[in-house]
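As stored in query.pdb (PDB, C-alpha atoms):
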ATOM      1  CA  MET J  22      14.210 156.347   5.601  1.00  0.00           C
ATOM      2  CA  PHE J  23      14.599 153.112   3.601  1.00  0.00           C
ATOM      3  CA  GLU J  24      12.082 150.585   4.889  1.00  0.00           C
ATOM      4  CA  LYS J  25      11.342 148.833   1.588  1.00  0.00           C
ATOM      5  CA  ILE J  26      14.254 147.819  -0.644  1.00  0.00           C
ATOM      6  CA  LEU J  27      14.087 146.201  -4.073  1.00  0.00           C
ATOM      7  CA  VAL J  28      17.156 144.439  -5.492  1.00  0.00           C
ATOM      8  CA  VAL J  29      17.288 144.274  -9.295  1.00  0.00           C
ATOM      9  CA  CYS J  30      19.359 142.429 -11.909  1.00  0.00           C
ATOM     10  CA  VAL J  31      18.475 141.083 -15.359  1.00  0.00           C
ATOM     11  CA  GLY J  32      16.921 137.630 -14.952  1.00  0.00           C
ATOM     12  CA  ASN J  33      16.296 137.644 -11.191  1.00  0.00           C
ATOM     13  CA  ILE J  34      17.858 134.205 -10.728  1.00  0.00           C
ATOM     14  CA  CYS J  35      21.504 134.880  -9.693  1.00  0.00           C
ATOM     15  CA  ARG J  36      22.597 138.241  -8.311  1.00  0.00           C
ATOM     16  CA  SER J  37      19.374 139.862  -7.155  1.00  0.00           C
ATOM     17  CA  PRO J  38      17.995 136.872  -5.209  1.00  0.00           C
ATOM     18  CA  THR J  39      21.385 136.507  -3.505  1.00  0.00           C
ATOM     19  CA  GLY J  40      21.517 140.229  -2.725  1.00  0.00           C
ATOM     20  CA  GLU J  41      17.924 140.110  -1.493  1.00  0.00           C
ATOM     21  CA  ARG J  42      18.589 137.270   0.950  1.00  0.00           C
ATOM     22  CA  LEU J  43      21.880 138.784   2.147  1.00  0.00           C
ATOM     23  CA  LEU J  44      20.132 142.074   2.909  1.00  0.00           C
ATOM     24  CA  GLN J  45      17.265 140.225   4.603  1.00  0.00           C
ATOM     25  CA  GLN J  46      19.766 138.443   6.840  1.00  0.00           C
ATOM     26  CA  HIS J  47      21.538 141.650   7.860  1.00  0.00           C
ATOM     27  CA  LEU J  48      18.512 143.976   7.896  1.00  0.00           C
ATOM     28  CA  PRO J  49      15.730 141.767   9.312  1.00  0.00           C
ATOM     29  CA  ASN J  50      13.442 144.710  10.120  1.00  0.00           C
ATOM     30  CA  LYS J  51      13.309 145.888   6.499  1.00  0.00           C
ATOM     31  CA  HIS J  52      11.041 144.646   3.716  1.00  0.00           C
ATOM     32  CA  ILE J  53      13.341 143.402   0.951  1.00  0.00           C
ATOM     33  CA  GLU J  54      12.483 141.707  -2.349  1.00  0.00           C
ATOM     34  CA  SER J  55      14.013 141.315  -5.793  1.00  0.00           C
ATOM     35  CA  ALA J  56      13.032 141.462  -9.454  1.00  0.00           C
ATOM     36  CA  GLY J  57      14.567 141.412 -12.917  1.00  0.00           C
ATOM     37  CA  ILE J  58      14.541 143.933 -15.751  1.00  0.00           C
ATOM     38  CA  GLY J  59      14.550 141.163 -18.371  1.00  0.00           C
ATOM     39  CA  THR J  60      12.830 138.291 -16.603  1.00  0.00           C
ATOM     40  CA  GLU J  61       9.854 138.056 -18.982  1.00  0.00           C
ATOM     41  CA  LYS J  62      11.978 138.559 -22.105  1.00  0.00           C
ATOM     42  CA  SER J  63      14.328 135.781 -20.944  1.00  0.00           C
ATOM     43  CA  GLY J  64      11.471 133.403 -20.153  1.00  0.00           C
ATOM     44  CA  LEU J  65      12.582 133.194 -16.523  1.00  0.00           C
ATOM     45  CA  THR J  66       9.403 134.384 -14.791  1.00  0.00           C
ATOM     46  CA  GLY J  67       8.568 131.978 -11.970  1.00  0.00           C
ATOM     47  CA  LYS J  68      11.909 130.163 -12.165  1.00  0.00           C
ATOM     48  CA  ALA J  69      13.923 129.240  -9.079  1.00  0.00           C
ATOM     49  CA  ALA J  70      17.310 130.728  -8.296  1.00  0.00           C
ATOM     50  CA  ASP J  71      20.215 129.440 -10.382  1.00  0.00           C
ATOM     51  CA  LYS J  72      21.629 126.135  -9.100  1.00  0.00           C
ATOM     52  CA  THR J  73      25.198 127.409  -8.689  1.00  0.00           C
ATOM     53  CA  ALA J  74      24.015 130.617  -7.008  1.00  0.00           C
ATOM     54  CA  ASN J  75      21.943 128.548  -4.585  1.00  0.00           C
ATOM     55  CA  GLU J  76      24.758 126.105  -3.810  1.00  0.00           C
ATOM     56  CA  LEU J  77      27.194 128.927  -3.137  1.00  0.00           C
ATOM     57  CA  ALA J  78      24.707 130.832  -1.006  1.00  0.00           C
ATOM     58  CA  LEU J  79      24.050 127.704   1.081  1.00  0.00           C
ATOM     59  CA  LEU J  80      27.788 127.361   1.757  1.00  0.00           C
ATOM     60  CA  HIS J  81      27.551 130.814   3.343  1.00  0.00           C
ATOM     61  CA  GLY J  82      24.376 130.088   5.299  1.00  0.00           C
ATOM     62  CA  ILE J  83      22.007 131.833   2.886  1.00  0.00           C
ATOM     63  CA  ASP J  84      19.012 129.906   1.551  1.00  0.00           C
ATOM     64  CA  LEU J  85      17.607 130.871  -1.858  1.00  0.00           C
ATOM     65  CA  SER J  86      14.955 128.153  -1.860  1.00  0.00           C
ATOM     66  CA  GLY J  87      11.430 129.343  -2.505  1.00  0.00           C
ATOM     67  CA  HIS J  88      12.645 132.164  -4.745  1.00  0.00           C
ATOM     68  CA  GLN J  89      10.616 132.738  -7.911  1.00  0.00           C
ATOM     69  CA  ALA J  90      11.900 135.157 -10.526  1.00  0.00           C
ATOM     70  CA  LYS J  91       9.622 138.098 -11.279  1.00  0.00           C
ATOM     71  CA  GLN J  92       9.615 140.925 -13.781  1.00  0.00           C
ATOM     72  CA  LEU J  93      10.237 144.480 -12.638  1.00  0.00           C
ATOM     73  CA  THR J  94       7.133 146.622 -13.186  1.00  0.00           C
ATOM     74  CA  PRO J  95       6.239 150.293 -12.655  1.00  0.00           C
ATOM     75  CA  THR J  96       4.061 149.243  -9.709  1.00  0.00           C
ATOM     76  CA  LEU J  97       6.934 147.401  -8.045  1.00  0.00           C
ATOM     77  CA  CYS J  98       9.146 150.455  -8.457  1.00  0.00           C
ATOM     78  CA  GLN J  99       6.485 152.683  -6.881  1.00  0.00           C
ATOM     79  CA  ASN J 100       6.215 150.389  -3.857  1.00  0.00           C
ATOM     80  CA  TYR J 101       9.870 150.629  -2.780  1.00  0.00           C
ATOM     81  CA  ASP J 102      11.930 153.371  -1.119  1.00  0.00           C
ATOM     82  CA  LEU J 103      15.256 152.203  -2.558  1.00  0.00           C
ATOM     83  CA  ILE J 104      16.060 150.208  -5.690  1.00  0.00           C
ATOM     84  CA  LEU J 105      19.520 148.625  -5.828  1.00  0.00           C
ATOM     85  CA  VAL J 106      20.813 147.524  -9.235  1.00  0.00           C
ATOM     86  CA  MET J 107      23.884 145.506 -10.194  1.00  0.00           C
ATOM     87  CA  GLU J 108      25.255 147.522 -13.120  1.00  0.00           C
ATOM     88  CA  LYS J 109      25.242 151.138 -14.292  1.00  0.00           C
ATOM     89  CA  GLY J 110      23.219 150.137 -17.355  1.00  0.00           C
ATOM     90  CA  HIS J 111      20.490 148.763 -15.114  1.00  0.00           C
ATOM     91  CA  ILE J 112      19.740 152.279 -13.892  1.00  0.00           C
ATOM     92  CA  GLU J 113      18.703 153.229 -17.436  1.00  0.00           C
ATOM     93  CA  ALA J 114      16.676 150.030 -17.774  1.00  0.00           C
ATOM     94  CA  VAL J 115      14.805 150.719 -14.525  1.00  0.00           C
ATOM     95  CA  CYS J 116      14.098 154.280 -15.693  1.00  0.00           C
ATOM     96  CA  LYS J 117      12.630 153.001 -18.975  1.00  0.00           C
ATOM     97  CA  ILE J 118      10.214 150.874 -16.956  1.00  0.00           C
ATOM     98  CA  ALA J 119       9.507 153.557 -14.333  1.00  0.00           C
ATOM     99  CA  PRO J 120      11.040 157.004 -15.054  1.00  0.00           C
ATOM    100  CA  GLU J 121       9.966 158.325 -11.662  1.00  0.00           C
ATOM    101  CA  ALA J 122      12.232 155.752  -9.931  1.00  0.00           C
ATOM    102  CA  ARG J 123      15.471 157.464 -11.006  1.00  0.00           C
ATOM    103  CA  GLY J 124      15.980 159.349  -7.754  1.00  0.00           C
ATOM    104  CA  LYS J 125      15.779 156.221  -5.628  1.00  0.00           C
ATOM    105  CA  THR J 126      17.811 153.856  -7.832  1.00  0.00           C
ATOM    106  CA  MET J 127      21.427 153.202  -6.880  1.00  0.00           C
ATOM    107  CA  LEU J 128      24.143 150.647  -7.499  1.00  0.00           C
ATOM    108  CA  PHE J 129      24.303 147.709  -5.088  1.00  0.00           C
ATOM    109  CA  GLY J 130      28.088 148.188  -5.048  1.00  0.00           C
ATOM    110  CA  HIS J 131      27.851 151.958  -4.504  1.00  0.00           C
ATOM    111  CA  TRP J 132      29.674 152.071  -1.146  1.00  0.00           C
ATOM    112  CA  MET J 133      32.408 149.667  -2.257  1.00  0.00           C
ATOM    113  CA  ASN J 134      33.823 151.818  -5.058  1.00  0.00           C
ATOM    114  CA  GLN J 135      32.706 148.870  -7.142  1.00  0.00           C
ATOM    115  CA  THR J 136      30.470 150.211  -9.822  1.00  0.00           C
ATOM    116  CA  ASP J 137      29.227 146.924 -11.262  1.00  0.00           C
ATOM    117  CA  ILE J 138      28.648 143.445  -9.900  1.00  0.00           C
ATOM    118  CA  PRO J 139      29.231 141.248 -12.972  1.00  0.00           C
ATOM    119  CA  ASP J 140      26.636 138.721 -14.066  1.00  0.00           C
ATOM    120  CA  PRO J 141      27.864 135.156 -13.409  1.00  0.00           C
ATOM    121  CA  TYR J 142      24.983 133.498 -15.297  1.00  0.00           C
ATOM    122  CA  MET J 143      26.185 130.532 -17.391  1.00  0.00           C
ATOM    123  CA  LYS J 144      29.783 131.217 -16.348  1.00  0.00           C
ATOM    124  CA  SER J 145      32.277 129.405 -14.124  1.00  0.00           C
ATOM    125  CA  ARG J 146      31.859 128.757 -10.431  1.00  0.00           C
ATOM    126  CA  GLU J 147      34.646 131.293  -9.904  1.00  0.00           C
ATOM    127  CA  ALA J 148      32.462 133.937 -11.553  1.00  0.00           C
ATOM    128  CA  PHE J 149      29.672 133.106  -9.093  1.00  0.00           C
ATOM    129  CA  GLU J 150      32.128 133.229  -6.181  1.00  0.00           C
ATOM    130  CA  HIS J 151      33.391 136.641  -7.312  1.00  0.00           C
ATOM    131  CA  ALA J 152      29.838 138.000  -7.612  1.00  0.00           C
ATOM    132  CA  TYR J 153      28.909 136.552  -4.205  1.00  0.00           C
ATOM    133  CA  THR J 154      31.935 138.173  -2.550  1.00  0.00           C
ATOM    134  CA  LEU J 155      31.032 141.551  -4.052  1.00  0.00           C
ATOM    135  CA  LEU J 156      27.391 141.163  -2.987  1.00  0.00           C
ATOM    136  CA  GLU J 157      28.402 140.210   0.538  1.00  0.00           C
ATOM    137  CA  LYS J 158      30.820 143.135   0.941  1.00  0.00           C
ATOM    138  CA  SER J 159      28.298 145.542  -0.561  1.00  0.00           C
ATOM    139  CA  THR J 160      25.570 144.242   1.770  1.00  0.00           C
ATOM    140  CA  LEU J 161      27.744 144.961   4.805  1.00  0.00           C
ATOM    141  CA  ALA J 162      28.435 148.473   3.506  1.00  0.00           C
ATOM    142  CA  TRP J 163      24.706 149.154   2.919  1.00  0.00           C
ATOM    143  CA  MET J 164      23.875 147.715   6.338  1.00  0.00           C
ATOM    144  CA  LYS J 165      26.048 150.390   7.995  1.00  0.00           C
ATOM    145  CA  LYS J 166      24.278 153.129   6.007  1.00  0.00           C
ATOM    146  CA  ILE J 167      20.687 151.890   6.336  1.00  0.00           C
ATOM    147  CA  LYS J 168      20.438 150.408   9.846  1.00  0.00           C
TER     148      LYS J 168
END
Produce structure tokens that represent the structure in this file.
Amino acid sequence: MFEKILVVCVGNICRSPTGERLLQQHLPNKHIESAGIGTEKSGLTGKAADKTANELALLHGIDLSGHQAKQLTPTLCQNYDLILVMEKGHIEAVCKIAPEARGKTMLFGHWMNQTDIPDPYMKSREAFEHAYTLLEKSTLAWMKKIK
């Protein structure tokens, strides 16, 4: 089934590293990583997770330290069984990078009737808290489906 899961957002410094670590916590026997569709374009390659994202994650017992943002590539897409994206538009972006990945790309919020998990980057702490809550609820829903 799904042994290797890739979590994708735009810059790979807020939502996807948080989603990655949440899934790792709840699905410890799976190989889970994250990447960004616009990491290189944004100049974020190699950057740590966003400060607010990290602080909020730590409050919930999730550690984002050691994370380094990386660009999504066709090779990365090939290496994973399931690719979870944050927004409907990200599905198109993943398919531009790796068209063959369409069949295994789904929304992170799929099981929550929540189509998109909004990007909190450079927004208020409340925006980060909202995104974290959605990521956490979505993780629990995926855990029930994937375990």
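Distance check against Pro49 of chain J using only C-alpha atoms: of J:Lys166, J:Ile34, J:Thr66, J:Lys25, the minimum falls on J:Lys25.
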**OP:** Could you please determine the separation between atom CA of Leu80 of chain J and atom CA of Phe23 of chain J in Å, to one decimal place?
**Re:**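 Atom CA of Phe23 of chain J lies 29.0 Å from atom CA of Leu80 of chain J.
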Original post:
Which residues fall under the PyMOL selection byres ((chain J and resi 114-130) around 6) in this file, as an MDAnalysis selection string?
Top reply: chainID J and resid 95 103:107 111:113 131:133 135:136 159
Original post:
Exactly which residues make up the result of the PyMOL selection byres ((chain J and resi 85) around 8) on this file, given as a PyMOL selection string?
Top reply: chain J and resi 38-39+42+70+75+78-79+83-84+86-88
Original post:
From the list J:Cys98, J:Leu161, J:Leu77, J:Ala90, which residue is nearest Glu147 of chain J when using only C-alpha atoms?
Top reply: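 For Glu147 of chain J, the nearest of the given residues is J:Leu77.
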Original post:
So which residues touch Glu41 of chain J within 7 Å, counting all atoms listed in the file, skipping near sequence neighbours fewer than 5 positions away, as a list of chain:residue names?
Top reply: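 The residues that qualify are J:Val28, J:Ile53, J:Glu54, J:Ser55.
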**OP:** Mind giving me the straight-line distance from atom CA of Met143 of chain J to atom CA of His47 of chain J in Å, one decimal?
**Re:**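 Distance between the two atoms: 28.0 Å.
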**OP:** Using atom CA of His151 of chain J and atom CA of Ser37 of chain J as the two end points, give the distance in Å to one decimal.
**Re:**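 Separation between atom CA of His151 of chain J and atom CA of Ser37 of chain J: 14.4 Å.
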Original post:
Tyr153 of chain J: which residues within 10 Å, counting all atoms listed in the file, same-chain residues fewer than 4 positions away excluded, as a PyMOL selection string?
Top reply: chain J and resi 35-36+39-40+43+74+77-78+81+138-139+141+147-149+157-159
Could the residues in this selection be written to a file with C-alpha atoms, as an mmCIF file, in the coordinates of the input?
data_model
loop_
_atom_site.group_PDB
_atom_site.id
_atom_site.type_symbol
_atom_site.label_atom_id
_atom_site.label_comp_id
_atom_site.auth_asym_id
_atom_site.auth_seq_id
_atom_site.Cartn_x
_atom_site.Cartn_y
_atom_site.Cartn_z
ATOM 1 C CA CYS J 35 21.504 134.880 -9.693
ATOM 2 C CA ARG J 36 22.597 138.241 -8.311
ATOM 3 C CA THR J 39 21.385 136.507 -3.505
ATOM 4 C CA GLY J 40 21.517 140.229 -2.725
ATOM 5 C CA LEU J 43 21.880 138.784 2.147
ATOM 6 C CA ALA J 74 24.015 130.617 -7.008
ATOM 7 C CA LEU J 77 27.194 128.927 -3.137
ATOM 8 C CA ALA J 78 24.707 130.832 -1.006
ATOM 9 C CA HIS J 81 27.551 130.814 3.343
ATOM 10 C CA ILE J 138 28.648 143.445 -9.900
ATOM 11 C CA PRO J 139 29.231 141.248 -12.972
ATOM 12 C CA PRO J 141 27.864 135.156 -13.409
ATOM 13 C CA GLU J 147 34.646 131.293 -9.904
ATOM 14 C CA ALA J 148 32.462 133.937 -11.553
ATOM 15 C CA PHE J 149 29.672 133.106 -9.093
ATOM 16 C CA GLU J 157 28.402 140.210 0.538
ATOM 17 C CA LYS J 158 30.820 143.135 0.941
ATOM 18 C CA SER J 159 28.298 145.542 -0.561
#
Box time for segment 128-138 of chain J: axis-aligned, enclosing all its listed atoms, 3 Å extra on each side; report centre and edge lengths in Å to one decimal, as JSON.
{"center_x": 29.0, "center_y": 147.8, "center_z": -6.2, "size_x": 15.7, "size_y": 14.6, "size_z": 16.1}
**OP:** Using all atoms listed in the file, find the one residue out of J:Gln45, J:Asp102, J:Gln92, J:Glu24 that sits nearest to Gly57 of chain J.
**Re:** J:Gln92
**OP:** Enumerate, as a list in words, the residues matched when the PyMOL selection byres ((chain J and resi 64) around 12) is run on the file above.
**Re:** Val31, Gly32, Asn33, Ile34, Gly57, Ile58, Gly59, Thr60, Glu61, Lys62, Ser63, Leu65, Thr66, Gly67, Lys68, Ala90, Lys91 and Gln92 of chain J
**OP:** Find the residue from J:Thr160, J:Asn134, J:Ser145, J:Asn50 that sits nearest to Thr73 of chain J; use all atoms listed in the file when measuring.
**Re:** J:Ser145
Original post:
From the list J:Met22, J:Ala69, J:Leu44, J:Glu76, which residue is nearest Glu150 of chain J when using all atoms listed in the file?
Top reply: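 Closest residue, counting all atoms listed in the file: J:Glu76.
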As a compact mmCIF listing (two decimals), in the frame of the given file, please: segment 132-166 of chain J completed to N, CA and C atoms.
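To be explicit, this is the file written out as result-v1.txt:
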# COMPACT_ATOMS: atom_id res chain seq x y z
N TRP J 132 28.79 151.73 -2.26
CA TRP J 132 29.67 152.07 -1.15
C TRP J 132 31.00 151.33 -1.20
N MET J 133 31.19 150.46 -2.17
CA MET J 133 32.41 149.67 -2.26
C MET J 133 33.35 150.18 -3.35
N ASN J 134 33.05 151.33 -3.91
CA ASN J 134 33.82 151.82 -5.06
C ASN J 134 33.84 150.78 -6.17
N GLN J 135 32.87 149.92 -6.13
CA GLN J 135 32.71 148.87 -7.14
C GLN J 135 31.46 149.26 -7.91
N THR J 136 31.64 149.73 -9.11
CA THR J 136 30.47 150.21 -9.82
C THR J 136 29.53 149.08 -10.22
N ASP J 137 30.07 148.02 -10.78
CA ASP J 137 29.23 146.92 -11.26
C ASP J 137 29.53 145.62 -10.54
N ILE J 138 28.48 144.82 -10.37
CA ILE J 138 28.65 143.44 -9.90
C ILE J 138 28.35 142.58 -11.12
N PRO J 139 29.39 141.96 -11.70
CA PRO J 139 29.23 141.25 -12.97
C PRO J 139 28.30 140.04 -12.88
N ASP J 140 27.60 139.81 -13.98
CA ASP J 140 26.64 138.72 -14.07
C ASP J 140 27.36 137.38 -14.24
N PRO J 141 27.19 136.45 -13.29
CA PRO J 141 27.86 135.16 -13.41
C PRO J 141 27.08 134.12 -14.21
N TYR J 142 25.88 134.47 -14.65
CA TYR J 142 24.98 133.50 -15.30
C TYR J 142 25.68 132.76 -16.43
N MET J 143 25.61 131.44 -16.39
CA MET J 143 26.18 130.53 -17.39
C MET J 143 27.71 130.67 -17.48
N LYS J 144 28.33 131.10 -16.40
CA LYS J 144 29.78 131.22 -16.35
C LYS J 144 30.33 130.24 -15.31
N SER J 145 31.60 130.32 -15.04
CA SER J 145 32.28 129.40 -14.12
C SER J 145 31.83 129.63 -12.67
N ARG J 146 32.13 128.64 -11.86
CA ARG J 146 31.86 128.76 -10.43
C ARG J 146 32.63 129.95 -9.84
N GLU J 147 33.84 130.17 -10.37
CA GLU J 147 34.65 131.29 -9.90
C GLU J 147 33.93 132.62 -10.15
N ALA J 148 33.23 132.72 -11.26
CA ALA J 148 32.46 133.94 -11.55
C ALA J 148 31.35 134.13 -10.52
N PHE J 149 30.70 133.04 -10.13
CA PHE J 149 29.67 133.11 -9.09
C PHE J 149 30.29 133.49 -7.75
N GLU J 150 31.45 132.92 -7.44
CA GLU J 150 32.13 133.23 -6.18
C GLU J 150 32.52 134.70 -6.13
N HIS J 151 33.02 135.22 -7.24
CA HIS J 151 33.39 136.64 -7.31
C HIS J 151 32.16 137.53 -7.09
N ALA J 152 31.07 137.22 -7.77
CA ALA J 152 29.84 138.00 -7.61
C ALA J 152 29.33 137.91 -6.18
N TYR J 153 29.38 136.72 -5.59
CA TYR J 153 28.91 136.55 -4.20
C TYR J 153 29.73 137.41 -3.25
N THR J 154 31.05 137.38 -3.42
CA THR J 154 31.94 138.17 -2.55
C THR J 154 31.60 139.66 -2.65
N LEU J 155 31.40 140.14 -3.87
CA LEU J 155 31.03 141.55 -4.05
C LEU J 155 29.68 141.86 -3.42
N LEU J 156 28.72 140.97 -3.59
CA LEU J 156 27.39 141.16 -2.99
C LEU J 156 27.48 141.19 -1.46
N GLU J 157 28.26 140.29 -0.92
CA GLU J 157 28.40 140.21 0.54
C GLU J 157 29.06 141.48 1.10
N LYS J 158 30.14 141.91 0.49
CA LYS J 158 30.82 143.14 0.94
C LYS J 158 29.92 144.35 0.78
N SER J 159 29.21 144.42 -0.32
CA SER J 159 28.30 145.54 -0.56
C SER J 159 27.15 145.55 0.43
N THR J 160 26.65 144.36 0.77
CA THR J 160 25.57 144.24 1.77
C THR J 160 26.03 144.82 3.10
N LEU J 161 27.23 144.46 3.53
CA LEU J 161 27.74 144.96 4.80
C LEU J 161 27.89 146.48 4.78
N ALA J 162 28.31 147.02 3.64
CA ALA J 162 28.44 148.47 3.51
C ALA J 162 27.07 149.15 3.57
N TRP J 163 26.07 148.60 2.88
CA TRP J 163 24.71 149.15 2.92
C TRP J 163 24.13 149.05 4.33
N MET J 164 24.40 147.93 4.99
CA MET J 164 23.88 147.72 6.34
C MET J 164 24.30 148.86 7.26
N LYS J 165 25.55 149.29 7.15
CA LYS J 165 26.05 150.39 8.00
C LYS J 165 25.34 151.70 7.68
N LYS J 166 24.93 151.89 6.42
CA LYS J 166 24.28 153.13 6.01
C LYS J 166 22.78 153.15 6.32
